[in-house]
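To be precise, the following lines are upload13.cif, and they hold mmCIF, C-alpha atoms.
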```cif
data_structure
#
loop_
_atom_site.label_atom_id
_atom_site.label_comp_id
_atom_site.auth_asym_id
_atom_site.auth_seq_id
_atom_site.Cartn_x
_atom_site.Cartn_y
_atom_site.Cartn_z
CA MET A 25 -11.36 8.55 14.68
CA SER A 26 -12.90 5.14 14.03
CA HIS A 27 -11.95 2.17 16.14
CA PRO A 28 -10.53 -0.69 14.01
CA ASP A 29 -13.42 -2.95 15.06
CA GLU A 30 -15.85 -0.53 13.42
CA ILE A 31 -14.17 -1.10 10.07
CA VAL A 32 -15.27 -4.74 9.96
CA ALA A 33 -18.40 -5.35 7.88
CA GLY A 34 -18.12 -9.13 7.48
CA HIS A 35 -15.82 -11.80 6.05
CA GLY A 36 -14.40 -10.56 2.77
CA THR A 37 -16.15 -7.18 3.05
CA SER A 38 -14.77 -3.95 4.44
CA ALA A 39 -17.05 -1.26 5.86
CA PRO A 40 -17.43 2.10 4.05
CA GLY A 41 -14.89 3.75 6.34
CA ALA A 42 -12.11 1.23 5.65
CA CYS A 43 -8.90 2.62 4.17
CA SER A 44 -8.96 0.47 1.03
CA VAL A 45 -12.60 1.32 0.36
CA GLY A 46 -11.85 5.03 0.43
CA PHE A 47 -8.84 4.63 -1.86
CA ASP A 48 -10.90 2.50 -4.24
CA ARG A 49 -13.72 5.05 -4.31
CA ALA A 50 -11.27 7.88 -5.04
CA ASP A 51 -9.40 5.72 -7.58
CA VAL A 52 -6.07 6.75 -6.06
CA SER A 53 -3.03 5.81 -8.15
CA ALA A 54 -0.94 2.94 -6.81
CA TYR A 55 2.21 4.01 -8.68
CA GLY A 56 5.40 4.18 -6.65
CA THR A 57 4.04 2.46 -3.52
CA ALA A 58 5.89 -0.89 -3.56
CA ALA A 59 7.80 -1.66 -0.37
CA ARG A 60 11.54 -1.23 -0.98
CA ALA A 61 13.43 -4.52 -1.10
CA GLY A 62 16.29 -5.69 -3.24
CA PHE A 63 15.79 -9.23 -1.94
CA TRP A 64 13.27 -11.23 0.10
CA LEU A 65 13.53 -13.98 2.69
CA ALA A 66 10.04 -15.46 3.07
CA VAL A 67 9.66 -18.09 5.80
CA GLU A 68 6.68 -20.33 6.52
CA GLN A 69 5.16 -19.71 9.95
CA GLU A 70 1.67 -21.03 10.59
CA GLY A 71 -0.55 -19.84 13.41
CA PRO A 72 -1.54 -16.25 14.30
CA TRP A 73 0.55 -13.18 13.52
CA GLY A 74 0.63 -9.96 15.49
CA ARG A 75 1.05 -6.45 14.14
CA VAL A 76 4.81 -7.01 13.86
CA ALA A 77 4.71 -10.59 12.65
CA ALA A 78 8.44 -11.26 12.87
CA THR A 79 8.36 -10.93 16.68
CA GLU A 80 4.65 -11.56 17.36
CA SER A 81 4.00 -15.08 16.12
CA HIS A 82 4.98 -18.65 17.01
CA LEU A 83 8.38 -17.93 15.47
CA PRO A 84 10.84 -17.47 18.36
CA PRO A 85 10.86 -13.67 18.86
CA GLU A 86 14.65 -13.37 19.00
CA THR A 87 14.97 -15.34 15.77
CA GLY A 88 12.38 -13.19 14.05
CA ARG A 89 13.93 -9.96 15.30
CA ARG A 90 17.41 -11.01 14.20
CA LEU A 91 16.35 -12.11 10.71
CA ASP A 92 14.23 -8.99 10.25
CA GLU A 93 17.05 -6.68 11.27
CA GLN A 94 19.66 -8.52 9.21
CA CYS A 95 17.51 -8.40 6.06
CA ALA A 96 16.65 -4.72 6.55
CA ALA A 97 20.29 -3.76 7.13
CA ARG A 98 21.14 -5.20 3.70
CA GLY A 99 18.24 -3.61 1.82
CA GLY A 100 15.97 -6.65 1.92
CA ARG A 101 12.81 -7.74 3.65
CA LEU A 102 11.71 -10.66 5.83
CA LEU A 103 8.19 -11.99 5.36
CA LEU A 104 6.28 -14.73 7.14
CA LEU A 105 4.11 -17.08 5.09
CA ARG A 106 1.07 -19.29 5.69
CA ARG A 107 -0.78 -21.63 3.40
CA PRO A 108 -4.17 -20.11 2.49
CA GLY A 109 -7.05 -21.40 4.57
CA ARG A 110 -7.29 -22.27 8.24
CA HIS A 111 -4.34 -21.36 10.45
CA PRO A 112 -3.83 -24.08 13.06
CA ASP A 113 -1.01 -23.81 15.55
CA PRO A 114 2.19 -24.84 13.77
CA HIS A 115 3.90 -28.20 13.85
CA HIS A 116 7.33 -27.64 12.31
CA GLY A 117 8.95 -30.86 13.42
CA ASP A 118 9.78 -31.56 9.76
CA GLY A 119 10.92 -28.01 9.10
CA ARG A 120 9.32 -25.28 7.04
CA THR A 121 9.26 -23.93 3.50
CA ALA A 122 11.29 -20.79 2.76
CA TYR A 123 11.87 -18.71 -0.35
CA LEU A 124 14.97 -16.67 -1.14
CA ALA A 125 14.37 -14.13 -3.89
CA PHE A 126 16.70 -11.65 -5.55
CA SER A 127 14.70 -8.83 -7.16
CA GLY A 128 17.44 -6.77 -8.80
CA ASP A 129 18.74 -7.15 -12.35
CA ASP A 130 18.27 -10.74 -13.55
CA PRO A 131 15.98 -11.82 -10.68
CA TRP A 132 15.94 -15.39 -9.38
CA LEU A 133 14.07 -17.48 -6.83
CA LEU A 134 15.18 -20.39 -4.69
CA ALA A 135 13.09 -22.49 -2.32
CA VAL A 136 13.88 -24.95 0.42
CA HIS A 137 11.37 -27.36 1.94
CA GLY A 138 11.84 -28.78 5.41
CA ALA A 139 14.33 -26.12 6.52
CA THR A 140 15.17 -25.67 10.18
CA LEU A 141 15.59 -22.26 11.77
CA ASP A 142 19.29 -22.98 12.28
CA GLU A 143 19.67 -23.61 8.55
CA LEU A 144 17.86 -20.38 7.70
CA ALA A 145 20.00 -18.44 10.18
CA ALA A 146 23.08 -19.63 8.27
CA VAL A 147 21.93 -18.22 4.91
CA ASP A 148 24.50 -15.88 3.37
CA LEU A 149 22.39 -12.71 3.31
CA ASP A 150 25.25 -10.65 1.91
CA ALA A 151 25.31 -12.96 -1.12
CA LEU A 152 21.52 -12.75 -1.40
CA ALA A 153 21.70 -8.94 -1.32
CA ARG A 154 24.20 -8.84 -4.20
CA GLY A 155 22.40 -11.51 -6.21
CA ASP A 156 25.08 -14.20 -5.92
CA ARG A 157 22.93 -17.31 -6.30
CA THR A 158 25.87 -19.72 -6.18
CA ALA A 159 27.04 -18.42 -2.81
CA VAL A 160 23.49 -18.49 -1.42
CA GLN A 161 23.11 -22.13 -2.46
CA GLU A 162 26.45 -22.98 -0.87
CA SER A 163 25.13 -21.59 2.42
CA LEU A 164 21.83 -23.48 2.06
CA PRO A 165 22.57 -26.58 -0.07
CA ALA A 166 18.97 -27.84 -0.08
CA ALA A 167 17.70 -24.69 -1.83
CA GLU A 168 16.66 -25.20 -5.45
CA PRO A 169 15.32 -22.94 -8.24
CA VAL A 170 11.52 -22.84 -8.41
CA ASP A 171 8.79 -21.14 -10.44
CA PRO A 172 7.60 -17.67 -9.37
CA VAL A 173 5.16 -17.41 -6.47
CA LEU A 174 2.60 -14.82 -5.41
CA LEU A 175 2.41 -13.64 -1.80
CA VAL A 176 -0.94 -12.10 -0.83
CA CYS A 177 -0.85 -9.84 2.23
CA THR A 178 -3.29 -11.04 4.90
CA ASN A 179 -1.80 -9.52 8.05
CA GLY A 180 -5.03 -8.37 9.68
CA ARG A 181 -3.34 -7.29 12.91
CA ARG A 182 -1.43 -4.70 10.86
CA ASP A 183 -4.54 -3.56 9.01
CA VAL A 184 -7.95 -5.21 8.97
CA CYS A 185 -8.39 -4.65 5.20
CA CYS A 186 -5.58 -7.12 4.53
CA ALA A 187 -7.42 -9.88 6.35
CA LEU A 188 -10.96 -9.10 5.23
CA ARG A 189 -10.06 -8.52 1.59
CA GLY A 190 -6.81 -10.46 1.26
CA ARG A 191 -7.65 -13.83 2.81
CA PRO A 192 -10.56 -14.70 0.48
CA VAL A 193 -8.43 -13.70 -2.51
CA ALA A 194 -5.51 -15.86 -1.35
CA LEU A 195 -7.80 -18.83 -0.82
CA ASP A 196 -9.46 -18.42 -4.23
CA ALA A 197 -6.10 -17.93 -5.97
CA ALA A 198 -4.62 -20.99 -4.26
CA ARG A 199 -7.39 -23.15 -5.69
CA LEU A 200 -6.64 -21.81 -9.18
CA ALA A 201 -2.83 -22.00 -8.87
CA PRO A 202 -2.08 -24.76 -6.33
CA GLY A 203 1.23 -24.49 -4.51
CA ARG A 204 2.10 -21.06 -5.89
CA VAL A 205 0.08 -18.71 -3.68
CA TRP A 206 0.79 -17.95 -0.03
CA GLU A 207 -0.64 -15.69 2.63
CA SER A 208 1.99 -13.16 3.67
CA SER A 209 2.73 -10.86 6.57
CA HIS A 210 2.79 -7.09 6.03
CA THR A 211 4.07 -5.96 2.63
CA GLY A 212 2.85 -2.35 2.84
CA GLY A 213 0.04 -0.67 0.94
CA HIS A 214 -3.02 -2.02 2.77
CA ARG A 215 -4.94 1.02 1.44
CA PHE A 216 -4.74 -0.80 -1.92
CA ALA A 217 -5.90 -4.19 -0.55
CA PRO A 218 -6.07 -6.88 -1.71
CA THR A 219 -2.34 -6.61 -2.50
CA ALA A 220 0.36 -9.10 -3.42
CA VAL A 221 4.07 -9.32 -4.24
CA LEU A 222 5.31 -11.41 -7.15
CA LEU A 223 8.60 -13.19 -6.41
CA PRO A 224 11.31 -13.11 -7.55
CA HIS A 225 10.61 -9.93 -9.53
CA GLY A 226 9.45 -7.87 -6.55
CA VAL A 227 6.48 -6.55 -8.52
CA ALA A 228 3.81 -5.27 -6.13
CA LEU A 229 0.22 -5.39 -7.32
CA ALA A 230 -2.94 -3.76 -5.99
CA ARG A 231 -6.69 -4.38 -5.96
CA LEU A 232 -6.55 -8.06 -6.87
CA ASP A 233 -8.97 -10.95 -6.96
CA GLY A 234 -8.42 -14.70 -7.22
CA PRO A 235 -8.66 -15.06 -11.01
CA ARG A 236 -6.32 -12.11 -11.53
CA CYS A 237 -3.75 -13.69 -9.21
CA ALA A 238 -3.87 -16.88 -11.29
CA GLU A 239 -3.49 -14.85 -14.49
CA VAL A 240 -0.39 -13.17 -13.06
CA LEU A 241 1.21 -16.56 -12.40
CA ASP A 242 0.28 -17.84 -15.87
CA ALA A 243 1.81 -14.75 -17.49
CA VAL A 244 4.99 -14.67 -15.41
CA ASP A 245 5.91 -18.16 -16.55
CA ALA A 246 6.46 -16.56 -19.96
CA GLY A 247 8.24 -13.54 -18.45
CA GLN A 248 5.21 -11.31 -18.83
CA LEU A 249 2.57 -9.41 -16.90
CA PRO A 250 -1.10 -9.52 -17.91
CA SER A 251 -2.09 -6.39 -19.82
CA TRP A 252 -4.65 -5.43 -17.14
CA ALA A 253 -1.82 -5.20 -14.58
CA LEU A 254 -0.40 -2.16 -16.39
CA GLY A 255 -1.53 1.25 -15.21
CA PRO A 256 -2.12 3.08 -11.92
CA ARG A 257 -4.98 0.95 -10.65
CA HIS A 258 -3.01 -2.28 -10.20
CA ASP A 259 0.72 -1.55 -10.68
CA ARG A 260 2.43 -0.43 -7.47
CA GLY A 261 5.94 -0.75 -8.86
CA ARG A 262 9.05 -2.88 -8.62
CA SER A 263 10.54 -3.26 -5.14
CA ALA A 264 14.20 -2.94 -6.15
CA LEU A 265 13.65 0.67 -7.25
CA PRO A 266 13.14 3.81 -5.13
CA PRO A 267 9.59 5.20 -5.24
CA ALA A 268 10.15 7.88 -7.90
CA ALA A 269 11.81 5.36 -10.22
CA GLN A 270 9.04 2.84 -9.54
CA ALA A 271 6.45 5.38 -10.61
CA ALA A 272 8.38 6.43 -13.72
CA GLU A 273 8.89 2.84 -14.86
CA SER A 274 5.25 1.95 -14.29
CA HIS A 275 4.18 5.06 -16.21
CA VAL A 276 6.34 4.17 -19.21
CA ARG A 277 5.30 0.51 -19.08
CA HIS A 278 1.66 1.60 -19.29
CA LEU A 279 2.21 4.15 -22.07
CA ALA A 280 4.23 1.67 -24.13
CA GLY A 281 1.91 -1.25 -23.40
CA GLU A 282 5.00 -3.24 -22.41
CA THR A 283 4.13 -6.47 -20.62
CA SER A 284 7.61 -8.07 -20.70
CA LEU A 285 9.07 -8.07 -17.20
CA GLY A 286 12.63 -7.88 -18.47
CA ALA A 287 12.18 -5.18 -21.12
CA LEU A 288 12.71 -2.04 -19.01
CA SER A 289 15.51 -0.71 -16.83
CA THR A 290 15.31 2.50 -14.81
CA HIS A 291 17.78 4.87 -13.17
CA PRO A 292 18.17 8.60 -12.33
CA LEU A 293 18.75 10.75 -15.38
CA GLU A 294 21.22 12.88 -13.41
CA ASP A 295 23.26 11.61 -10.47
CA ASP A 296 22.28 14.45 -8.11
CA ARG A 297 18.55 14.50 -8.90
CA ASP A 298 15.75 12.06 -8.14
CA ASP A 299 13.00 14.03 -9.91
CA LEU A 300 14.34 13.14 -13.37
CA VAL A 301 14.35 9.45 -14.28
CA GLU A 302 15.41 7.61 -17.42
CA VAL A 303 13.62 4.44 -18.47
CA ALA A 304 15.38 2.35 -21.12
CA HIS A 305 13.98 -0.46 -23.27
CA THR A 306 16.00 -3.44 -24.44
CA ASP A 307 15.10 -2.43 -28.04
CA GLY A 308 17.00 0.86 -27.62
CA ARG A 309 14.12 3.23 -26.86
CA ARG A 310 14.60 5.65 -23.98
CA TRP A 311 12.24 7.91 -22.07
CA ALA A 312 13.11 10.84 -19.82
CA VAL A 313 10.46 11.21 -17.12
CA ALA A 314 9.91 14.17 -14.81
CA VAL A 315 8.59 12.93 -11.45
CA GLU A 316 6.89 14.93 -8.70
CA ARG A 317 4.91 13.81 -5.66
CA ARG A 318 2.20 16.22 -4.52
CA PRO A 319 -1.34 16.35 -3.03
CA ALA A 320 -3.91 14.90 -5.38
CA GLY A 321 -7.32 14.73 -3.81
CA PRO A 322 -9.36 14.46 -0.62
CA ALA A 323 -7.97 13.55 2.76
CA LEU A 324 -8.27 9.81 3.43
CA PRO A 325 -7.04 7.41 6.14
CA GLU A 326 -4.01 5.46 4.91
CA SER A 327 -4.68 2.78 7.54
CA CYS A 328 -7.93 1.63 9.07
CA GLY A 329 -8.79 3.49 12.25
CA LYS A 330 -6.37 6.37 11.61
CA SER A 331 -7.24 9.99 10.93
CA PRO A 332 -7.54 11.13 7.30
CA ILE A 333 -4.51 12.85 5.77
CA PRO A 334 -4.11 14.52 2.34
CA VAL A 335 -3.66 11.93 -0.38
CA GLN A 336 -0.46 12.30 -2.40
CA GLU A 337 0.27 10.80 -5.81
CA TRP A 338 3.13 10.77 -8.28
CA PHE A 339 2.70 13.16 -11.21
CA LEU A 340 4.70 12.07 -14.24
CA SER A 341 5.45 13.65 -17.62
CA LEU A 342 7.72 12.71 -20.51
CA LEU A 343 10.38 15.27 -21.44
#
```
Rendering of file as structure tokens:
Amino acid sequence: MSHPDEIVAGHGTSAPGACSVGFDRADVSAYGTAARAGFWLAVEQEGPWGRVAATESHLPPETGRRLDEQCAARGGRLLLLRRPGRHPDPHHGDGRTAYLAFSGDDPWLLAVHGATLDELAAVDLDALARGDRTAVQESLPAAEPVDPVLLVCTNGRRDVCCALRGRPVALDAARLAPGRVWESSHTGGHRFAPTAVLLPHGVALARLDGPRCAEVLDAVDAGQLPSWALGPRHDRGRSALPPAAQAAESHVRHLAGETSLGALSTHPLEDDRDDLVEVAHTDGRRWAVAVERRPAGPALPESCGKSPIPVQEWFLSLL
């Protein structure tokens, strides 16, 4: 088994044995790999991050642990954010930026600038989990609606590919879309690095570069995805859905060439089965999709430095 240090080939470049290089070479499908989250609490925290960023950073460990556990218990996810570029030790005397995103039906995004940790601890996470924007704003009065943002995973302590491949992309994208791109702690899927999550929609994207990130933000302002983002190379799925439903929706989106973010809704076709999924379009079209996850190629390491395991993908067919 390779040591993680042996994966490093240079800034912005991963060695041939890196997990994302192997998945790129094998062209493994990214469908159905978005981290599950119905909502997101993303909090600025400059400085270094450890493998578990919530408790291994300059954020007070007990605060990070509590927020992480409270978000997870309600079906959401806590992320830490940094501005792309150098990461000096933090100076949060004037507070920090935080985003509160609901990724279910009718997604929305709020931001607060200059928030204290006490203010963030008082956020009504139950309201955030159910998508009650009014109640969330009552618990954090300074929060205001903002345009979508893109969070690029750069948590190198979790997997070196995220730092080597993600940080240059985040920096490039931030130059092209100032103020709308952040470095993020672990979002899952480092084997598809560089990866990012689009808030508030919870759309997870794979194998990105700076110009593509900027194109995503241009398109989302009109409620769309770029056409290149459709298909198994870049589309990991929508975080509010379980993996099988993510894969089915992405499959239909690609087949239909549907770039509108609000056009599709997805749910199990039968209450007691998760291998049959229905995808519905706002124009009345419906697709029944059979979904199966099974081995699909050579054994590859899913994380840098780990032993190879059989790659599995979602196999999808319309009924």
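Considering all atoms listed in the file, the residue among A:Cys328, A:Val136, A:Leu164, A:Leu340 positioned nearest to Leu300 (chain A) is A:Leu340.
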inquiry  = Can you tell me which residues surround Asp129 (chain A) at a distance of at most 12 Å, considering all atoms listed in the file, apart from same-chain residues fewer than 2 positions away, and format the answer as number ranges by chain?
reply    = A: 62-63, 125-127, 131-132, 153-156, 224-226, 262-265, 285-290
Restricting the output to C-alpha atoms, write the selected residues as a CSV table (one decimal), in the frame of the given file.
```
chain,number,residue,atom,x,y,z
A,62,GLY,CA,16.3,-5.7,-3.2
A,63,PHE,CA,15.8,-9.2,-1.9
A,125,ALA,CA,14.4,-14.1,-3.9
A,126,PHE,CA,16.7,-11.6,-5.6
A,127,SER,CA,14.7,-8.8,-7.2
A,131,PRO,CA,16.0,-11.8,-10.7
A,132,TRP,CA,15.9,-15.4,-9.4
A,153,ALA,CA,21.7,-8.9,-1.3
A,154,ARG,CA,24.2,-8.8,-4.2
A,155,GLY,CA,22.4,-11.5,-6.2
A,156,ASP,CA,25.1,-14.2,-5.9
A,224,PRO,CA,11.3,-13.1,-7.6
A,225,HIS,CA,10.6,-9.9,-9.5
A,226,GLY,CA,9.4,-7.9,-6.6
A,262,ARG,CA,9.0,-2.9,-8.6
A,263,SER,CA,10.5,-3.3,-5.1
A,264,ALA,CA,14.2,-2.9,-6.2
A,265,LEU,CA,13.6,0.7,-7.2
A,285,LEU,CA,9.1,-8.1,-17.2
A,286,GLY,CA,12.6,-7.9,-18.5
A,287,ALA,CA,12.2,-5.2,-21.1
A,288,LEU,CA,12.7,-2.0,-19.0
A,289,SER,CA,15.5,-0.7,-16.8
A,290,THR,CA,15.3,2.5,-14.8
```
query = Counting all atoms listed in the file, what is within 8 Å of Pro292 (chain A), bar same-chain residues fewer than 4 positions away, as a ChimeraX atom specification?
reply = /A:269,297-302
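Note that CA of Arg215 (chain A) and CA of Ala42 (chain A) are 8.3 Å apart.
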query = Separation of CA of Arg318 (chain A) and CA of Pro332 (chain A), in Å?
reply = 16.1 Å
ask   = Could you work out how far CA of Trp64 (chain A) lies from CA of Tyr123 (chain A), giving the answer in Å with one decimal?
value =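 One can read the CA of Tyr123 (chain A) to CA of Trp64 (chain A) distance as 7.6 Å.
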ask   = Using only C-alpha atoms, which of the listed residues (A:Arg120, A:Asp171, A:Asn179, A:Ala61) sits closest to Ala78 (chain A)?
value =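 For Ala78 (chain A), the nearest of the candidates is A:Asn179.
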query = Any chance you could work out the residue set of the PyMOL selection byres ((chain A and resi 233-250) around 10) here, as a PyMOL selection string?
reply = chain A and resi 171-176+189-190+192-202+204-205+217-220+222-223+225+227+229-232+251-254+282-287
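Distances here use all atoms listed in the file; by that measure, the residue among A:Ala228, A:Ala320, A:Leu342, A:Leu152 closest to Val276 (chain A) is A:Leu342.
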Of the listed residues A:Ala323, A:Leu104, A:Asp296, A:Ala280, that which approaches Arg310 (chain A) most closely, counting all atoms listed in the file =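 Under the stated criterion, the closest residue is A:Ala280.
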Identify the residues within 9 Å of coordinate (-10.8, -0.3, 1.1) (same frame as the file), considering all atoms listed in the file, and give the answer as a short mmCIF file (atom, residue, chain, number, x, y, z; two decimals) with C-alpha atoms, in the frame of the given file.
```cif
data_model
loop_
_atom_site.label_atom_id
_atom_site.label_comp_id
_atom_site.auth_asym_id
_atom_site.auth_seq_id
_atom_site.Cartn_x
_atom_site.Cartn_y
_atom_site.Cartn_z
CA THR A 37 -16.15 -7.18 3.05
CA SER A 38 -14.77 -3.95 4.44
CA ALA A 39 -17.05 -1.26 5.86
CA PRO A 40 -17.43 2.10 4.05
CA GLY A 41 -14.89 3.75 6.34
CA ALA A 42 -12.11 1.23 5.65
CA CYS A 43 -8.90 2.62 4.17
CA SER A 44 -8.96 0.47 1.03
CA VAL A 45 -12.60 1.32 0.36
CA GLY A 46 -11.85 5.03 0.43
CA PHE A 47 -8.84 4.63 -1.86
CA ASP A 48 -10.90 2.50 -4.24
CA ARG A 49 -13.72 5.05 -4.31
CA CYS A 185 -8.39 -4.65 5.20
CA ARG A 189 -10.06 -8.52 1.59
CA HIS A 214 -3.02 -2.02 2.77
CA ARG A 215 -4.94 1.02 1.44
CA PHE A 216 -4.74 -0.80 -1.92
CA ALA A 217 -5.90 -4.19 -0.55
CA PRO A 218 -6.07 -6.88 -1.71
CA CYS A 328 -7.93 1.63 9.07
#
```
key: Minimum-distance residue to Val170 (chain A), chosen among A:Ala122, A:Ala139, A:Ala54, A:Ala304 (using all atoms listed in the file)   =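 Ranked by minimum distance to Val170 (chain A), first place goes to A:Ala122.
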ask   = Using only C-alpha atoms, which residue out of A:Glu273, A:Asp259, A:Glu316, A:Glu68 lies closest to Gly88 (chain A)?
value =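 Residue with the minimum atom-to-atom distance to Gly88 (chain A): A:Glu68.
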key: Matched chain/residue IDs from the PyMOL selection byres ((chain A and resi 97) around 12), as a PyMOL selection string   = chain A and resi 61-63+90-96+98-102+149-150+153
